[in-house]
file coords11.tsv (TSV, C-alpha atoms and all ligand atoms)
chain	number	residue	atom	x	y	z
A	229	MET	CA	92.27	146.24	101.61
A	230	LYS	CA	89.96	143.31	100.94
A	231	ASP	CA	92.10	140.71	102.65
A	232	SER	CA	93.57	142.92	105.33
A	233	TRP	CA	91.71	141.08	108.08
A	234	ILE	CA	93.65	137.92	107.32
A	235	ARG	CA	96.70	138.00	109.54
A	236	GLU	CA	99.83	137.25	107.62
A	237	GLU	CA	101.59	134.12	108.88
A	238	PHE	CA	105.03	134.68	110.34
A	239	GLU	CA	107.62	132.90	108.29
A	240	MET	CA	111.27	133.78	108.53
A	241	ASN	CA	114.57	131.95	108.29
A	242	MET	CA	117.27	133.65	110.27
A	243	ILE	CA	120.75	133.20	111.65
A	244	PHE	CA	122.26	134.94	114.67
A	245	LEU	CA	125.94	135.76	114.39
A	246	GLY	CA	128.18	136.98	117.17
A	247	LEU	CA	131.26	136.13	119.18
A	248	PRO	CA	131.01	133.86	122.23
A	249	GLY	CA	128.99	135.62	124.92
A	250	ALA	CA	127.39	138.14	122.57
A	251	GLY	CA	123.91	137.04	123.63
A	252	LYS	CA	122.93	134.89	120.65
A	253	GLY	CA	121.28	132.24	122.81
A	254	THR	CA	119.59	134.74	125.12
A	255	GLN	CA	118.03	136.66	122.25
A	256	ALA	CA	117.27	133.62	120.10
A	257	LYS	CA	115.26	132.03	122.92
A	258	LYS	CA	113.16	135.18	123.26
A	259	VAL	CA	112.59	135.53	119.52
A	260	SER	CA	111.71	131.84	119.32
A	261	SER	CA	108.98	132.14	121.93
A	262	LYS	CA	107.63	135.44	120.59
A	263	TYR	CA	107.20	134.15	117.03
A	264	ASN	CA	106.84	130.48	117.80
A	265	ILE	CA	109.62	129.25	115.54
A	266	PRO	CA	112.32	126.74	116.54
A	267	HIS	CA	115.61	127.87	118.05
A	268	ILE	CA	118.38	125.63	116.78
A	269	ALA	CA	121.70	126.04	118.59
A	270	THR	CA	124.54	123.78	117.51
A	271	GLY	CA	126.27	124.35	120.86
A	272	ASP	CA	123.14	123.09	122.70
A	273	ILE	CA	122.91	120.06	120.40
A	274	PHE	CA	126.54	119.18	121.18
A	275	ARG	CA	126.15	119.76	124.93
A	276	ASN	CA	123.08	117.50	125.04
A	277	ALA	CA	124.96	114.83	123.13
A	278	ILE	CA	127.87	115.07	125.57
A	279	LYS	CA	125.50	114.83	128.54
A	280	ASN	CA	123.85	111.73	127.07
A	281	GLU	CA	127.20	110.23	126.07
A	282	THR	CA	126.10	109.59	122.49
A	283	PRO	CA	128.60	108.91	119.68
A	284	LEU	CA	128.20	112.54	118.60
A	285	GLY	CA	128.93	113.68	122.13
A	286	LYS	CA	132.09	111.60	122.18
A	287	LYS	CA	133.24	113.18	118.91
A	288	ALA	CA	132.45	116.75	119.98
A	289	LYS	CA	133.68	116.76	123.57
A	290	SER	CA	137.41	117.34	123.13
A	291	PHE	CA	136.84	120.19	120.64
A	292	ILE	CA	134.35	121.95	122.88
A	293	ASP	CA	136.47	121.56	126.00
A	294	GLN	CA	139.34	123.30	124.23
A	295	GLY	CA	137.17	125.98	122.68
A	296	GLU	CA	137.95	124.72	119.18
A	297	LEU	CA	135.37	124.22	116.46
A	298	VAL	CA	133.84	120.81	115.90
A	299	PRO	CA	134.81	119.72	112.34
A	300	ASP	CA	132.51	120.90	109.56
A	301	GLU	CA	131.79	117.33	108.37
A	302	VAL	CA	130.15	116.61	111.69
A	303	THR	CA	128.36	119.91	112.20
A	304	ILE	CA	126.91	120.41	108.73
A	305	GLY	CA	125.19	117.01	108.66
A	306	ILE	CA	123.51	117.70	111.98
A	307	VAL	CA	122.14	121.04	110.82
A	308	ARG	CA	121.01	119.62	107.49
A	309	ASN	CA	118.97	116.91	109.26
A	310	ARG	CA	117.51	119.32	111.78
A	311	LEU	CA	116.40	121.85	109.15
A	312	LYS	CA	114.60	119.11	107.26
A	313	GLU	CA	112.26	118.51	110.18
A	314	ASP	CA	108.67	119.66	109.86
A	315	ASP	CA	108.77	122.34	112.54
A	316	CYS	CA	111.23	124.38	110.46
A	317	LYS	CA	108.74	124.92	107.64
A	318	ASP	CA	107.47	128.21	109.08
A	319	GLY	CA	110.91	129.50	109.84
A	320	PHE	CA	113.78	128.95	112.24
A	321	ILE	CA	116.54	130.70	114.15
A	322	LEU	CA	120.01	129.24	113.83
A	323	ASP	CA	122.29	130.20	116.73
A	324	GLY	CA	125.98	129.40	116.42
A	325	PHE	CA	125.77	128.14	112.86
A	326	PRO	CA	127.30	128.92	110.42
A	327	ARG	CA	130.68	129.62	111.96
A	328	THR	CA	132.86	129.10	108.88
A	329	ILE	CA	132.48	130.09	105.24
A	330	ASN	CA	132.34	126.41	104.42
A	331	GLN	CA	129.31	126.10	106.72
A	332	ALA	CA	127.75	129.21	105.19
A	333	GLU	CA	128.09	127.73	101.69
A	334	ALA	CA	126.63	124.45	102.92
A	335	LEU	CA	123.69	126.30	104.47
A	336	LYS	CA	123.04	127.98	101.14
A	337	ASP	CA	122.89	124.55	99.51
A	338	ILE	CA	120.59	123.22	102.22
A	339	MET	CA	118.24	126.17	101.68
A	340	GLU	CA	118.19	125.38	97.96
A	341	GLU	CA	117.50	121.71	98.65
A	342	LEU	CA	114.55	122.78	100.79
A	343	ASN	CA	113.38	125.27	98.20
A	344	THR	CA	113.68	128.21	100.53
A	345	LYS	CA	116.18	130.91	101.47
A	346	LEU	CA	117.65	132.79	104.38
A	347	ASP	CA	115.87	136.05	105.15
A	348	LEU	CA	118.08	137.61	107.79
A	349	ALA	CA	121.59	137.36	109.22
A	350	LEU	CA	121.64	139.31	112.46
A	351	PHE	CA	125.05	140.20	113.86
A	352	ILE	CA	125.06	140.99	117.56
A	353	LYS	CA	128.05	143.22	118.16
A	354	VAL	CA	129.66	143.42	121.59
A	355	PRO	CA	133.06	144.80	122.65
A	356	GLU	CA	135.53	142.09	123.69
A	357	LYS	CA	135.86	143.29	127.29
A	358	GLU	CA	132.12	142.96	127.74
A	359	LEU	CA	132.16	139.42	126.29
A	360	ILE	CA	134.54	138.27	128.99
A	361	LYS	CA	132.33	139.78	131.72
A	362	ARG	CA	129.29	138.10	130.24
A	363	LEU	CA	130.91	134.68	129.97
A	364	SER	CA	132.63	134.67	133.33
A	365	GLY	CA	129.35	135.50	135.12
A	366	ARG	CA	127.14	133.19	133.10
A	367	ARG	CA	125.33	130.36	134.89
A	368	VAL	CA	123.20	127.72	133.17
A	369	CYS	CA	120.59	125.34	134.52
A	370	GLU	CA	121.88	121.80	134.51
A	371	ASP	CA	118.36	120.45	133.88
A	372	CYS	CA	116.61	122.81	131.44
A	373	GLY	CA	119.51	124.84	130.03
A	374	ALA	CA	118.08	128.25	131.00
A	375	THR	CA	120.78	130.91	131.06
A	376	TYR	CA	121.45	133.46	133.80
A	377	HIS	CA	124.14	135.93	134.74
A	378	VAL	CA	125.24	136.53	138.32
A	379	GLU	CA	125.11	140.28	137.83
A	380	PHE	CA	123.14	141.08	134.67
A	381	ASN	CA	120.38	138.48	134.91
A	382	PRO	CA	120.43	136.82	138.32
A	383	PRO	CA	117.96	134.10	139.35
A	384	GLU	CA	115.55	134.85	142.20
A	385	LYS	CA	117.35	132.36	144.46
A	386	GLU	CA	121.10	132.13	144.11
A	387	GLY	CA	122.20	128.93	142.36
A	388	ILE	CA	118.64	127.75	141.60
A	389	CYS	CA	116.80	127.92	138.27
A	390	ASP	CA	113.64	130.11	138.35
A	391	LYS	CA	112.02	127.96	135.67
A	392	CYS	CA	112.52	124.41	136.97
A	393	GLY	CA	114.32	124.52	140.32
A	394	GLY	CA	117.41	122.83	138.87
A	395	ASN	CA	120.98	123.64	139.93
A	396	LEU	CA	122.81	126.44	138.19
A	397	ILE	CA	126.31	125.58	137.05
A	398	GLN	CA	129.10	127.15	135.05
A	399	ARG	CA	129.56	125.82	131.52
A	400	SER	CA	132.76	123.76	131.31
A	401	ASP	CA	134.02	125.96	128.45
A	402	ASP	CA	133.52	129.20	130.41
A	403	THR	CA	136.90	128.95	132.14
A	404	GLU	CA	139.25	131.87	131.56
A	405	ASP	CA	141.65	130.10	129.17
A	406	THR	CA	138.96	128.45	127.11
A	407	VAL	CA	137.00	131.71	126.85
A	408	LYS	CA	140.06	133.48	125.47
A	409	ASN	CA	140.64	130.71	122.97
A	410	ARG	CA	136.97	130.69	121.87
A	411	ILE	CA	137.13	134.40	121.14
A	412	GLU	CA	140.41	134.00	119.23
A	413	VAL	CA	139.13	131.03	117.24
A	414	ASN	CA	135.96	132.87	116.19
A	415	LYS	CA	137.13	136.44	115.60
A	416	GLU	CA	138.39	136.22	112.06
A	417	LYS	CA	135.80	133.67	111.06
A	418	THR	CA	133.00	135.92	112.27
A	419	GLU	CA	134.40	138.84	110.27
A	420	LYS	CA	134.42	136.66	107.15
A	421	LEU	CA	130.82	135.63	107.77
A	422	ILE	CA	129.76	139.24	108.16
A	423	GLU	CA	131.32	140.01	104.80
A	424	PHE	CA	129.65	136.97	103.28
A	425	TYR	CA	126.16	137.93	104.43
A	426	ASP	CA	126.69	141.57	103.61
A	427	ASN	CA	127.37	140.45	100.04
A	428	GLU	CA	124.21	138.35	100.16
A	429	GLY	CA	122.34	141.52	101.09
A	430	ILE	CA	120.74	140.15	104.26
A	431	LEU	CA	123.11	141.37	107.00
A	432	GLN	CA	121.82	143.54	109.84
A	433	THR	CA	123.96	144.60	112.79
A	434	ILE	CA	122.84	145.61	116.26
A	435	GLU	CA	125.03	146.93	119.03
A	436	SER	CA	124.38	144.89	122.10
A	437	SER	CA	124.79	147.65	124.62
A	438	GLY	CA	122.13	147.93	127.27
A	439	GLY	CA	120.44	145.13	129.10
A	440	ILE	CA	118.79	142.03	127.70
A	441	GLU	CA	115.36	143.67	127.30
A	442	GLU	CA	116.76	146.71	125.56
A	443	VAL	CA	118.65	144.53	123.11
A	444	PHE	CA	115.51	142.44	122.56
A	445	LYS	CA	113.65	145.59	121.48
A	446	LYS	CA	116.35	146.25	118.89
A	447	VAL	CA	116.26	142.64	117.73
A	448	THR	CA	112.48	142.57	117.32
A	449	SER	CA	112.47	145.83	115.41
A	450	VAL	CA	115.04	144.43	112.96
A	451	VAL	CA	112.99	141.23	112.63
A	452	GLU	CA	109.81	143.22	111.98
A	453	GLU	CA	111.52	145.42	109.39
A	454	ASN	CA	112.81	142.40	107.50
A	455	ARG	CA	109.86	140.07	107.56
A	501	LIG	P1	128.07	127.77	121.61
A	501	LIG	O1	127.31	127.14	122.67
A	501	LIG	O2	127.38	128.30	120.44
A	501	LIG	O3	128.99	128.87	122.27
A	501	LIG	P2	129.49	130.31	121.77
A	501	LIG	O4	129.42	130.66	120.37
A	501	LIG	O5	130.83	130.40	122.38
A	501	LIG	O6	128.45	131.28	122.35
A	501	LIG	P3	127.84	131.29	123.77
A	501	LIG	O7	126.75	130.32	123.88
A	501	LIG	O8	128.96	131.21	124.77
A	501	LIG	O9	127.32	132.80	123.84
A	501	LIG	P4	125.92	133.43	123.43
A	501	LIG	O10	126.19	134.39	122.34
A	501	LIG	O11	124.88	132.40	123.20
A	501	LIG	O12	125.62	134.25	124.74
A	501	LIG	P5	124.48	134.05	125.87
A	501	LIG	O13	123.16	134.41	125.31
A	501	LIG	O14	124.63	132.77	126.56
A	501	LIG	O15	129.18	126.75	121.11
A	501	LIG	C1	129.96	126.04	122.02
A	501	LIG	C2	131.00	125.21	121.31
A	501	LIG	O16	130.36	124.25	120.46
A	501	LIG	C3	131.94	125.97	120.37
A	501	LIG	O17	133.04	126.51	121.06
A	501	LIG	C4	132.36	124.86	119.41
A	501	LIG	O18	133.31	124.02	120.00
A	501	LIG	C5	131.08	124.07	119.26
A	501	LIG	N1	130.25	124.55	118.14
A	501	LIG	C6	129.02	125.14	118.22
A	501	LIG	N2	128.56	125.48	117.01
A	501	LIG	C7	129.51	125.10	116.13
A	501	LIG	C8	129.63	125.20	114.72
A	501	LIG	N3	128.70	125.76	113.95
A	501	LIG	N4	130.76	124.71	114.14
A	501	LIG	C9	131.72	124.13	114.89
A	501	LIG	N5	131.69	124.02	116.22
A	501	LIG	C10	130.59	124.50	116.84
A	501	LIG	O19	124.91	135.26	126.87
A	501	LIG	C11	126.14	135.18	127.59
A	501	LIG	C12	125.93	135.74	129.00
A	501	LIG	O20	125.68	137.14	128.93
A	501	LIG	C13	124.74	135.14	129.76
A	501	LIG	O21	125.09	135.02	131.10
A	501	LIG	C14	123.63	136.19	129.59
A	501	LIG	O22	122.73	136.19	130.68
A	501	LIG	C15	124.42	137.49	129.52
A	501	LIG	N6	123.82	138.49	128.63
A	501	LIG	C16	123.24	138.28	127.42
A	501	LIG	N7	122.83	139.45	126.87
A	501	LIG	C17	123.18	140.42	127.76
A	501	LIG	C18	123.02	141.85	127.77
A	501	LIG	N8	122.44	142.51	126.75
A	501	LIG	N9	123.49	142.53	128.82
A	501	LIG	C19	124.09	141.88	129.84
A	501	LIG	N10	124.25	140.54	129.90
A	501	LIG	C20	123.81	139.83	128.87
A	502	MG	MG	124.83	130.30	123.26
A	503	ZN	ZN	116.02	125.01	134.79
call {"tool": "encode", "arguments": {"input": "coords11.tsv", "output": "C-alpha cells"}}
result
Amino acid sequence: MKDSWIREEFEMNMIFLGLPGAGKGTQAKKVSSKYNIPHIATGDIFRNAIKNETPLGKKAKSFIDQGELVPDEVTIGIVRNRLKEDDCKDGFILDGFPRTINQAEALKDIMEELNTKLDLALFIKVPEKELIKRLSGRRVCEDCGATYHVEFNPPEKEGICDKCGGNLIQRSDDTEDTVKNRIEVNKEKTEKLIEFYDNEGILQTIESSGGIEEVFKKVTSVVEENR
C-alpha cells in the first residue's frame, strides 16, 4: 500500500487489426488522445507522402489507388524508423501495420531491437456488409485528416470539418471497385495475423457492433484489462 499514491505511468505497445473500414483509425485516434500515446497509421503516412509528392508518395501511389498492399520492403523500413522516435518510448498504437506475416515477424524483430515487446493485438471484427456501408459513407478532412461518416458520424455542417473548417472529401480508394479489392486483398492476410497473435498470446477481439462511442467503451475496457 505504501506506494499506492504514486500513479502508475501508462505504457503500452499495441496494434489494431481489422479489415478496411473496421474502425481502426477512428478508435486509434480516441485511444491515442485518452492515453497520450502516438497513433501511427501506415495508410496516413502514405497519404501524406502522396499529398506532398515525396519519393515515398510516388512509390506508394499506384498500389494504394488499386487497393493493393505497398511492398513490405518499403513499409517495414518506415515503421522501423517511426518506432525508434522518442515519443514511442511510453507506448504506441499501430493502425494498419502489420498486414502480412512478414511484417509481423519484422515487427517482432523491431521490438527486440528496441528492447521492448508488444502488449496487445486488438482485432476489431465487423461483418463485410457493414464494412462497405462504412467505407462508402466515409468522408475525410482534406486539411487535418479527421474522419466522418455521412450517416454514422456526420459533421455539424455538411461537407465541412468540425475541427478545422476544411473541406470534407472522399478518399480516392473508397470507390466501389477499390473497396472490394481492398477487402479481398486483406481477408486472408488478416486471418493469418489473428492466428499469429493468438499464438503469441496477446490477441483480443471485439465485435464492432454499435456506434463509435459504444465500441470505444469496449476498446478501453480491453486496454485497461491488459495494461
Ligand atoms: P489504410 O489507410 O490503413 O486503409 P484500410 O486498412 O483499408 O483501413 P481504413 O482506413 O479504410 O479503415 P479503418 O479501419 O481505419 O476505418 P475508419 O476508422 O476510417 O491503408 C490504405 C492503403 O495503404 C492500403 O490499401 C495499402 O495500399 C496501403 N497500406 C497501409 N498500410 C499498409 C501496410 N502495412 N502494408 C502495405 N500496404 C499498406 O472507419 C471507417 C468509416 O466507418 C468512417 O467513416 C467512420 O466514421 C465509420 N465508423 C467507424 N466506426 C464506426 C462504428 N462503430 N459505427 C458506425 N460507423 C463507424
Ligand atoms: Mg484507417
Ligand atoms: Zn479538418
call {"tool": "closest_residue", "arguments": {"input": "coords11.tsv", "among": "A:Thr375, A:Asn343, A:Asn381, A:Thr448", "to": "ligand MG 502 (chain A)", "atoms": "all atoms listed in the file"}}
result
A:Thr375
call {"tool": "closest_atom_pairs", "arguments": {"input": "coords11.tsv", "of": "segment 300-409 of chain A", "to": "segment 279-288 of chain A", "cutoff": "10 Å", "atoms": "all atoms listed in the file", "output": "Markdown table"}}
result
| residue | atom | partner | partner_atom | distance |
| --- | --- | --- | --- | --- |
| A:Val302 | CA | A:Leu284 | CA | 8.3 |
| A:Thr303 | CA | A:Ala288 | CA | 9.3 |
| A:Ile306 | CA | A:Leu284 | CA | 9.6 |
| A:Glu370 | CA | A:Lys279 | CA | 9.9 |
call {"tool": "closest_residue", "arguments": {"input": "coords11.tsv", "among": "A:Arg399, A:Phe291, A:Pro355, A:Gly319", "to": "ligand MG 502 (chain A)", "atoms": "all atoms listed in the file"}}
result
A:Arg399
call {"tool": "atom_distance", "arguments": {"input": "coords11.tsv", "atom1": "atom C5 of ligand LIG 501 (chain A)", "atom2": "atom CA of Asp323 of chain A"}}
result
11.0 Å
call {"tool": "residues_near_ligand", "arguments": {"input": "coords11.tsv", "ligand": "ligand MG 502 (chain A)", "cutoff": "12 Å", "atoms": "all atoms listed in the file", "output": "JSON, numbers by chain"}}
result
{"A": [244, 245, 246, 247, 248, 249, 250, 251, 252, 253, 254, 255, 256, 257, 267, 268, 269, 270, 271, 272, 273, 274, 275, 322, 323, 324, 325, 362, 363, 366, 367, 368, 373, 374, 375, 376, 399, 401, 402]}
call {"tool": "closest_residue", "arguments": {"input": "coords11.tsv", "among": "A:Val378, A:Val451, A:Ile397, A:Ile422", "to": "ligand ZN 503 (chain A)", "atoms": "only C-alpha atoms and all ligand atoms"}}
result
A:Ile397
call {"tool": "closest_residue", "arguments": {"input": "coords11.tsv", "among": "A:Lys391, A:Arg455, A:Lys361, A:Lys420", "to": "Thr403 of chain A", "atoms": "all atoms listed in the file"}}
result
A:Lys361
call {"tool": "atom_distance", "arguments": {"input": "coords11.tsv", "atom1": "atom O17 of ligand LIG 501 (chain A)", "atom2": "atom CA of Asn309 of chain A"}}
result
20.7 Å
call {"tool": "closest_residue", "arguments": {"input": "coords11.tsv", "among": "A:Ile430, A:Ile352, A:Val407, A:Leu342", "to": "Phe444 of chain A", "atoms": "all atoms listed in the file"}}
result
A:Ile352
call {"tool": "residues_near_ligand", "arguments": {"input": "coords11.tsv", "ligand": "ligand ZN 503 (chain A)", "cutoff": "6 Å", "atoms": "only C-alpha atoms and all ligand atoms", "output": "list in words"}}
result
Cys369, Asp371, Cys372, Gly373, Ala374, Cys389, Lys391, Cys392, Gly393 and Gly394 of chain A
call {"tool": "write_last_selection", "arguments": {"input": "coords11.tsv", "atoms": "C-alpha atoms", "output": "CSV table (one decimal), keeping the file's coordinate frame"}}
result
chain,number,residue,atom,x,y,z
A,369,CYS,CA,120.6,125.3,134.5
A,371,ASP,CA,118.4,120.4,133.9
A,372,CYS,CA,116.6,122.8,131.4
A,373,GLY,CA,119.5,124.8,130.0
A,374,ALA,CA,118.1,128.2,131.0
A,389,CYS,CA,116.8,127.9,138.3
A,391,LYS,CA,112.0,128.0,135.7
A,392,CYS,CA,112.5,124.4,137.0
A,393,GLY,CA,114.3,124.5,140.3
A,394,GLY,CA,117.4,122.8,138.9
call {"tool": "atom_distance", "arguments": {"input": "coords11.tsv", "atom1": "atom CA of Val447 of chain A", "atom2": "atom O8 of ligand LIG 501 (chain A)"}}
result
18.5 Å
call {"tool": "closest_residue", "arguments": {"input": "coords11.tsv", "among": "A:Glu442, A:Glu404, A:Asp347, A:Glu296", "to": "Gly429 of chain A", "atoms": "only C-alpha atoms"}}
result
A:Asp347
call {"tool": "axis_aligned_box", "arguments": {"input": "coords11.tsv", "around": "segment 256-265 of chain A", "padding_each_side": "4 Å", "output": "JSON"}}
result
{"center_x": 112.1, "center_y": 132.4, "center_z": 119.4, "size_x": 18.4, "size_y": 14.3, "size_z": 15.7}
call {"tool": "closest_atom_pairs", "arguments": {"input": "coords11.tsv", "of": "segment 308-398 of chain A", "to": "segment 409-419 of chain A", "cutoff": "10 Å", "atoms": "all atoms listed in the file", "output": "Markdown table"}}
result
| residue | atom | partner | partner_atom | distance |
| --- | --- | --- | --- | --- |
| A:Pro326 | CA | A:Thr418 | CA | 9.2 |
| A:Arg327 | CA | A:Lys417 | CA | 6.6 |
| A:Thr328 | CA | A:Lys417 | CA | 5.9 |
| A:Ile329 | CA | A:Lys417 | CA | 7.6 |
| A:Phe351 | CA | A:Thr418 | CA | 9.2 |
| A:Glu356 | CA | A:Ile411 | CA | 8.3 |
| A:Leu359 | CA | A:Ile411 | CA | 8.7 |
| A:Ile360 | CA | A:Ile411 | CA | 9.1 |
call {"tool": "write_last_selection", "arguments": {"input": "coords11.tsv", "atoms": "C-alpha atoms", "output": "PDB file, in the frame of the given file"}}
result
ATOM      1  CA  PRO A 326     127.300 128.920 110.420  1.00  0.00           C
ATOM      2  CA  ARG A 327     130.680 129.620 111.960  1.00  0.00           C
ATOM      3  CA  THR A 328     132.860 129.100 108.880  1.00  0.00           C
ATOM      4  CA  ILE A 329     132.480 130.090 105.240  1.00  0.00           C
ATOM      5  CA  PHE A 351     125.050 140.200 113.860  1.00  0.00           C
ATOM      6  CA  GLU A 356     135.530 142.090 123.690  1.00  0.00           C
ATOM      7  CA  LEU A 359     132.160 139.420 126.290  1.00  0.00           C
ATOM      8  CA  ILE A 360     134.540 138.270 128.990  1.00  0.00           C
TER       9      ILE A 360
END
